[in-house]
Each structure stands twice: as structure tokens, then as C-alpha cells.
Amino acid sequence: MAIDGLLQRAVPYILAALITGLAAVARAALQPLLGDHYPLATFYAAVAVIGWFWGVKPAVLAAVLGYWVGDYVFLRAQPYEPNLAILELAVYAVICGALIALVYGVYERQRRLDQALIAHASAHQAQKDAARARDQAWQRLEVVTNTMSVGVAQCNRDLEYTWMNPAYARGIGVDPDQTEQIVGRKIEEVLGGEVFQRFRPYFLRALEGETVDYEGQVGTGVEPSQWIHASFIPIWNGAPLPNGWVVVVSDLTQWRALEDQLRDANRRKDEFLATLAHELRNPLAPIRYATQLMKPGSPIEVAADARRIVDRQLAHMTQLLDDLLDLSRITRGVLQLRRERLDLRSAVQHAVDAARTLAESAEQTLRVELPDTPLLVEGDETRLIQVVGNLINNAIKFTDAGGTIVISAEVDGSTIVTSVRDTGRGMSDELLPRVFDKFVQGEPNAPGQSGLGIGLALAKQMIDLHGGHIEAHSDGPHRGSEFRFMLPQVDELPAMQNPPGAGNKLTVLGADRIRILVVDDNVDAANTLSELLKMAGYQTRVAYDGRTAIEMAELFEPAVVLLDIGLPYLSGHAVAEHVRSLPWGLKARLIALTGWGQEDDRRRSLKSGFDEHLTKPVDPEFLLQRIIHLTHGTAQLGD
């Protein structure tokens with residue numbers, strides 16, 4: 001690269017030498033015509049050409065070379081006269097100097113003109129580039145602001161709009177396509193006098209150079225309850241004071257509504273936890289008192305009443321926990337229905353029988369109105385009993401003593417309508433739309449019946465899972481309420497098959513000498529269950545951890561194992577898998593008795609080899625029925 005540059009700079013001087021040589025040749029060629037006159041004539045032309053095209057320095061070189069060649073070739077070729085040589089040199093120098101000066105002047109003038117043109121072109125290009133960049137920046141800004149959900153507008157010192165984006169236009173009730181009509185108009189004219197006066201102090205502070213914020217409720221004719229956050233940011237244009245401001249407006253209406261919802265949810269959560277603690281403590285007090293009445297020496301009648309109190313309160317606590325678990329399962333989408341064709345009259349009657357004692361204690365009348373013909377639906381009978389029971393319990397809670405609760409069901413076209421009507425306190429227009437929401441509670445008529453506010457929510461979601469519909473009606477406070485749910489009617493029930501062993505009487509007497517192993521790390525629970533089974537005629541053994549359970553099972557070879565899941569050393573699943581690996585264990589009946597009641601827990605129990613999965617606390621009569629059902633015909637007897 002350095003050599004190329006050197007050669008490029010040397011080219012004018014090389015050309016100067018070559019052209020000077022050509023001038024010498026031309027002078028020699030003109031010798032016959034010019035003779036000894038004008039020996040340096042052609043060299044003037046060489047200097048002029050070199051100067052014009054390649055500049056002053058090559059022209060000076062051409063002048064020096066031309067005089068040197070002309071002196072030695074043409075001046076000295078004639079009789080040499082020093083004075084003439086000096087004169088020729090002087091004339092040559094003057095003419096060449098004039099030529100070079102002329103060339104330099106023309107060259108310098110052209111150079112300056114070129115520089116001026118270049119500078120002008122550069123300035124023009126810079127202006128074009130700046131304008132293009134400004135246009136592009138404005139376009140980008142416009143694209144961004146036009147797509148923003150935040151409102152942005154610009155105003156001047158005359159309190160006029162100079163620009164606004166579509167979001168701001170929508171916020172003040174202006175068609176975004178008509179914003180040109182707003183530009184140049186007074187803020188007061190656009191927003192109205194009331195809103196303008198409210199924000200005028202903020203405008204003035206922004207015009208004094210202060211960035212100010214406003215957050216609050218504002219009515220612009222679009223949403224009178226709209227909440228906004230507005231920032232007023234001053235803008236300068238080289239003057240001591242701002243020439244206007246930019247306002248950025250964020251709509252906080254939804255956020256405020258969400259905050260209110262969260263506050264309400266938090267309040268309801270606190271209320272729910274307080275209610276839950278209250279509802280769980282309430283049964284504990286009578287249970288604690290009743291256990292004192294069942295001590296040895298208590299009258300038989302008192303002890304019997306105490307046992308009934310314990311049973312009733314435990315049933316209440318169990319219902320509370322079951323409702324909570326069911327609600328959680330439905331919310332997470334893991335509750336599965338065991339669908340079958342059934343007669344809805346049976347589910348209604350079971351629910352009524354279960355609630356009758358509570359109604360009698362509240363001095364209320366339960367009346368059932370069912371048709372003589374079957375009401376056939378497809379669903380989970382246990383869950384439908386739960387739905388009807390929740391509706392009846394709700395009616396009992398909100399009905400005075402002496403009131404009446406009517407439970408009815410009928411066919412309406414292709415739909416079966418089940419109704420629970422009461423003569424209780426009714427519902428207000430404010431409560432009616434929210435009555436099926438979770439944790440929504442009314443004020444019960446009787447003390448001690450507050451509940452958790454989930455019974456009706458659970459009923460609604462259960463009916464939704466069945467593909468039905470539930471609704472509530474009330475003519476107002478103290479005028480009673482009615483809850484109705486509708487389910488599709490199905491065809492007749494298929495012919496019932498006799499179950500295995502049908503016709504054989506299953507009684508506790510069949511428990512004689514059948515061995516049962518009870519495994520639970522709760523010593524009191526294991527021992528009391530063992531005593532209960534002994535009273536029913538079973539032989540029992542008790543283990544309190546997983547390792548002991550395996551050792552005792554191998555020695556005892558029980559027909560039934562009542563097995564907790566969360567055990568020390570080895571889990572109930574591990575114990576069940578080990579029992580199933582033993583020769584006699586294949587015929588044993590394994591029942592999980594555990595506090596883990598989710599669907600995943602049930603699936604894991606079945607996978608581990610359990611025959612059934614029951615959630616604590618289990619009704620003793622129900623447990624005995626399941627054991628009798630599972631062990632009917634069992635040949636494993638005691639010694």
C-alpha cells in the first residue's frame with residue numbers, strides 16, 4: 001500500500017519530465033522554422049499544461065527542466081552570448097512564473113469552489129439525514145404510543161392540546177380517528193370545567209418546571225368511577241420556563257377492583273379460618289364433657305346419652321372435613337364420579353333419614369313428597385346424597401323452630417327436578433346472586449349453626465359435574481327459600497344381577513374367630529379399634545409401626561389387615577406389598593385406614609394391593625359392614 005501511494009504521488013513529476021522532453025523534441029522539430037529565435041518557446045506550453053492538469057509543483061519542475069534543456073541544447077547551440085542567455089532566462093522565468101501564478105490562482109479558486117460545494121453538499125446531506133432520522137424517530141414514537149394502553153398527550157403554555165395518542169383519546173371519550181380535531185383546542189373545552197379545575201394546579205406546577213403526579217378517581221363522561229394515575233412532565237425548548245408538558249395517564253380502575261377483590265378475599269379467608277376454628281372447637285367441647293360422663297360408675301342412661309353425643313359431634317366434624325376435601329378436589333379438577341344408573345328417590349330418602357335427627361332437635365318438620373314411580377338418573381349416588389343433605393342442612397340452619405322443610409322430586413319433561421323448600425328466613429336480593437359462592441354465609445336462626453359457607457358451593461359444583469343445573473329462589477327476607485336442582489332423566493334401570501353371596505345373611509356372628517391385624521401409629525386409635533372388633537367377635541392383634549406389622553403378620557396370618565399409611569420405619573404401602581408377596585397374603589383382605597383421602601392416594605393404595613381405601617374417621621358400623629362383606633366365606637379361622 002505504501003509503494004502504491006508513493007507511485008501515485010510521483011506520477012505528476014514523471015509526467016512533467018516526459019512532457020518537458022516532448023517540448024524539447026517539438027522545439028527541435030521547429031528548428032528549421034524558428035531558427036535561433038525563441039529557443040524556449042515550446043517549454044512555455046509544457047509548463048502551462050503541467051500546471052493546469054497537475055498543479056504548481058510539477059509545473060515548477062517542468063520550468064526548471066525546460067530552462068536546463070533549452071539552455072544546453074538550444075541556447076548554447078548558437079554563438080553563446082551571456083547577456084542574451086541572461087535575458088532569455090529572465091524572460092523565461094517571468095513568463096513561467098506568470099503561467100504558474102495563473103495556474104495556481106485558477107487551481108486555488110477551483111479548489112475553494114470545490115470545497116465550498118462539498119461543504120454545502122455535506123451540510124445539505126446532513127440536513128436530509130437529520131430530517132430523515134427525525135421522521136423515522138417520530139414514526140417509531142408514533143407507532144409505540146399508538147399501540148400503548150397508557151394515555152399520552154402533550155399540551156402547551158396556553159393550556160391547549162398539541163398532540164395525543166389513541167389511548168388518551170379513548171380515555172377522555174374522543175374517537176381516536178378524530179384526534180386532529182382536538183389538537184389546538186383548550187383543555188377546559190375538551191375535559192369540561194369541573195375536571196379542568198381539579199387538574200389546573202397540576203398544570204401550573206408543571207409549567208413552573210415541576211414533575212407532579214396525581215392518583216385518584218376522575219369522571220370524564222366515559223367512566224365516572226374511573227381511577228387513574230397521571231404524571232405531568234414539563235418539556236423545555238431552550239427557554240427558562242417549560243413551553244408545555246407531557247401527561248402520561250394509566251387507568252387503574254381494574255387494578256383498584258382487583259385490590260378490592262383481594263382485600264375482600266383476604267377478609268373472607270380470615271373469616272373462614274376463624275369460622276373453621278370455631279366449627280372444629282364446637283364439637284370438641286361436648287365430646288370432652290361426654291367422655292367424662294362415660295367413666296365407670298356413671299348411670300347407664302347418662303352414658304348412653306354421652307355416647308350419642310360423641311357420635312353426633314364426630315359425624316359433624318367428619319362432614320366438615322369431607323366437605324373441605326371435596327371442595328378442594330373439585331377446585332383442582334381431581335374429583336371423579338362413580339356414575340351408575342340409579343333411582344334418585346333412594347338418594348333423597350337416605351339424605352332425609354340422615355338429617356331427620358338434626359331437624360327433630362331443631363323442632364322442625366321434614367316432609368317428603370316423592371312419586372311412586374322411579375326417578376332414574378345417571379350419577380354418583382353418594383355425591384347426590386351429599387347434595388340433598390347439604391340443601392336440607394342449609395334449610396334446617398335458616399329455619400325457625402316449628403318451621404317446615406319440604407323435600408320433593410318430580411319429572412318435568414326429560415328432566416328430574418328435586419326441590420328443598422323451607423319456611424325460614426329467606427334471602428335478600430343482595431345475597432341471592434352470591435348464595436352459591438364459596439365461603440358466603442348468611443346469619444343462621446339457631447346458635448351453633450354457623451357452618452363454613454361451603455355446603456351450597458359444594459352442592460352447585462357437584463350438580464355441575466353431573467351435567468345438571470341448580471338454582472335458588474326466595475321472595476325476600478322471612479319469606480322462605482327454595483333450592484332446586486335439575487338432572488337429565490335416563491331410561492329404565494338394567495336388570496339387577498344378584499351379587500355374589502346374595503341371599504346369605506351377613507351378620508357379625510360370621511366374624512367368629514376370623515383374625516384381623518390392626519396397624520396404626522396412634523396407639524389410642526389402634527387399641528380402641530381392636531377392642532371394638534373383639535366385641536364384634538373377631539380375633540385381633542395390634543402393631544404400631546411398619547416393621548412390627550410385617551413380623552406380626554407373618555406369625556398371625558390375618559384374614560384382614562386394617563392398615564394406616566403413614567407409619568414409622570415402613571409405610572403402609574410397603575407393608576401391603578410385602579403381605580401380598582406371601583402365599584397366604586394373596587387371599588388376605590387389606591383395608592387402608594388413613595387420613596390421606598385424595599384421588600391420587602386412593603389410586604396408589606389400589607396399586608399397592610389394598611382392597612379398599614377408607615378415610616379417617618370411619619363410622620364403626622360402616623367399617624364392620626365392609627369387613628363382613630370382604631370376609632364372607634373366609635376360611636381363615638383362629639385356633
# chains A, B, ... in the order shown; residues from 1 in each chain; ligands from 1
$ select_by_dssp --residues "segment 226-416 of chain A" --states "strand (DSSP E)" --output "ChimeraX atom specification"
/A:226-235,244-251,340-343,365-369,376-379,404-412,415-416
$ write_last_selection --atoms "N, CA and C atoms" --output "compact mmCIF listing (two decimals), in the first residue's frame"
# COMPACT_ATOMS: atom_id res chain seq x y z
N GLN A 226 -63.90 5.96 37.19
CA GLN A 226 -62.57 5.59 36.71
C GLN A 226 -61.49 6.09 37.66
N TRP A 227 -60.52 5.20 37.95
CA TRP A 227 -59.35 5.56 38.76
C TRP A 227 -58.17 5.66 37.83
N ILE A 228 -57.36 6.74 38.00
CA ILE A 228 -56.20 6.94 37.13
C ILE A 228 -54.99 7.31 37.95
N HIS A 229 -53.81 7.13 37.32
CA HIS A 229 -52.56 7.72 37.81
C HIS A 229 -52.01 8.56 36.66
N ALA A 230 -51.81 9.88 36.91
CA ALA A 230 -51.35 10.80 35.87
C ALA A 230 -50.04 11.44 36.32
N SER A 231 -49.04 11.43 35.41
CA SER A 231 -47.76 12.11 35.64
C SER A 231 -47.66 13.27 34.66
N PHE A 232 -47.41 14.48 35.20
CA PHE A 232 -47.27 15.68 34.39
C PHE A 232 -45.78 16.03 34.34
N ILE A 233 -45.17 15.91 33.13
CA ILE A 233 -43.72 16.06 32.97
C ILE A 233 -43.46 17.29 32.11
N PRO A 234 -42.78 18.32 32.64
CA PRO A 234 -42.53 19.54 31.86
C PRO A 234 -41.56 19.27 30.71
N ILE A 235 -41.69 20.04 29.62
CA ILE A 235 -40.78 19.95 28.47
C ILE A 235 -40.26 21.36 28.17
N GLY A 244 -44.42 23.74 27.83
CA GLY A 244 -45.57 22.85 27.89
C GLY A 244 -45.26 21.66 28.77
N TRP A 245 -46.07 20.64 28.67
CA TRP A 245 -45.83 19.41 29.44
C TRP A 245 -46.40 18.22 28.68
N VAL A 246 -45.91 17.05 29.08
CA VAL A 246 -46.45 15.78 28.60
C VAL A 246 -47.13 15.11 29.78
N VAL A 247 -48.33 14.62 29.58
CA VAL A 247 -49.06 13.91 30.63
C VAL A 247 -49.17 12.44 30.23
N VAL A 248 -48.84 11.56 31.16
CA VAL A 248 -48.94 10.11 30.96
C VAL A 248 -49.99 9.59 31.93
N VAL A 249 -51.04 8.99 31.39
CA VAL A 249 -52.19 8.58 32.21
C VAL A 249 -52.34 7.06 32.16
N SER A 250 -52.33 6.43 33.34
CA SER A 250 -52.55 4.98 33.45
C SER A 250 -53.92 4.74 34.09
N ASP A 251 -54.69 3.84 33.48
CA ASP A 251 -56.01 3.51 34.01
C ASP A 251 -55.85 2.46 35.11
N GLU A 340 -73.49 -44.35 37.76
CA GLU A 340 -74.31 -45.53 37.54
C GLU A 340 -75.76 -45.07 37.41
N ARG A 341 -76.57 -45.90 36.83
CA ARG A 341 -77.99 -45.59 36.77
C ARG A 341 -78.62 -45.89 38.12
N LEU A 342 -79.38 -44.93 38.63
CA LEU A 342 -79.94 -45.10 39.97
C LEU A 342 -81.28 -44.40 40.06
N ASP A 343 -82.01 -44.80 41.12
CA ASP A 343 -83.31 -44.17 41.41
C ASP A 343 -83.04 -43.03 42.38
N THR A 365 -90.17 -29.74 61.07
CA THR A 365 -90.85 -30.85 60.41
C THR A 365 -90.25 -31.07 59.04
N LEU A 366 -89.84 -32.32 58.77
CA LEU A 366 -89.37 -32.70 57.44
C LEU A 366 -90.49 -33.43 56.73
N ARG A 367 -90.87 -32.94 55.56
CA ARG A 367 -91.92 -33.60 54.79
C ARG A 367 -91.35 -33.99 53.43
N VAL A 368 -91.55 -35.25 53.06
CA VAL A 368 -91.01 -35.77 51.81
C VAL A 368 -92.16 -36.05 50.85
N GLU A 369 -92.03 -35.55 49.64
CA GLU A 369 -93.05 -35.75 48.61
C GLU A 369 -92.38 -36.33 47.38
N LEU A 376 -85.25 -42.01 37.47
CA LEU A 376 -83.99 -42.60 37.02
C LEU A 376 -83.04 -41.54 36.49
N VAL A 377 -81.84 -41.50 37.08
CA VAL A 377 -80.79 -40.60 36.63
C VAL A 377 -79.49 -41.38 36.56
N GLU A 378 -78.49 -40.76 35.94
CA GLU A 378 -77.15 -41.36 35.91
C GLU A 378 -76.23 -40.47 36.74
N GLY A 379 -75.64 -41.06 37.77
CA GLY A 379 -74.78 -40.26 38.63
C GLY A 379 -74.15 -41.08 39.73
N THR A 404 -91.23 -25.70 58.68
CA THR A 404 -91.41 -26.90 57.86
C THR A 404 -90.44 -26.88 56.68
N ILE A 405 -89.87 -28.04 56.39
CA ILE A 405 -88.97 -28.21 55.25
C ILE A 405 -89.56 -29.31 54.38
N VAL A 406 -89.80 -29.00 53.12
CA VAL A 406 -90.42 -29.95 52.20
C VAL A 406 -89.39 -30.36 51.16
N ILE A 407 -89.17 -31.67 51.05
CA ILE A 407 -88.25 -32.22 50.05
C ILE A 407 -89.09 -32.96 49.03
N SER A 408 -89.00 -32.57 47.77
CA SER A 408 -89.82 -33.19 46.73
C SER A 408 -88.99 -33.41 45.48
N ALA A 409 -89.50 -34.30 44.64
CA ALA A 409 -88.86 -34.56 43.34
C ALA A 409 -89.95 -34.97 42.36
N GLU A 410 -89.80 -34.56 41.11
CA GLU A 410 -90.79 -34.88 40.08
C GLU A 410 -90.14 -34.83 38.71
N VAL A 411 -90.85 -35.43 37.75
CA VAL A 411 -90.39 -35.45 36.37
C VAL A 411 -91.00 -34.25 35.65
N ASP A 412 -90.16 -33.50 34.95
CA ASP A 412 -90.61 -32.36 34.15
C ASP A 412 -90.04 -32.52 32.75
N THR A 415 -86.50 -34.01 32.26
CA THR A 415 -85.67 -33.58 33.38
C THR A 415 -86.33 -33.98 34.69
N ILE A 416 -85.50 -34.34 35.66
CA ILE A 416 -85.99 -34.61 37.01
C ILE A 416 -85.61 -33.44 37.89
$ residues_around --residues "Asp520 of chain A" --least-positions-apart "3" --cutoff "8 Å" --atoms "only C-alpha atoms" --output "ChimeraX atom specification"
/A:523,525-526,542-545,563-564,567
$ select_by_dssp --residues "segment 245-419 of chain A" --states "alpha helix (DSSP H)" --output "PyMOL selection string"
chain A and resi 253-293+300-332+344-361+381-397
$ closest_residue --among "A:Gly413, A:Gly193, A:Gly151, A:Pro568" --to "Val490 of chain A" --atoms "only C-alpha atoms"
A:Gly413
$ closest_residue --among "A:Pro240, A:Pro371, A:Gly389, A:Gly467" --to "Arg356 of chain A" --atoms "only C-alpha atoms"
A:Gly389
$ closest_residue --among "A:Gly546, A:Leu432, A:Val218, A:Val388" --to "Gln197 of chain A" --atoms "only C-alpha atoms"
A:Val218
$ closest_residue --among "A:His629, A:Ala362, A:Glu557, A:Ala303" --to "Pro583 of chain A" --atoms "only C-alpha atoms"
A:Glu557
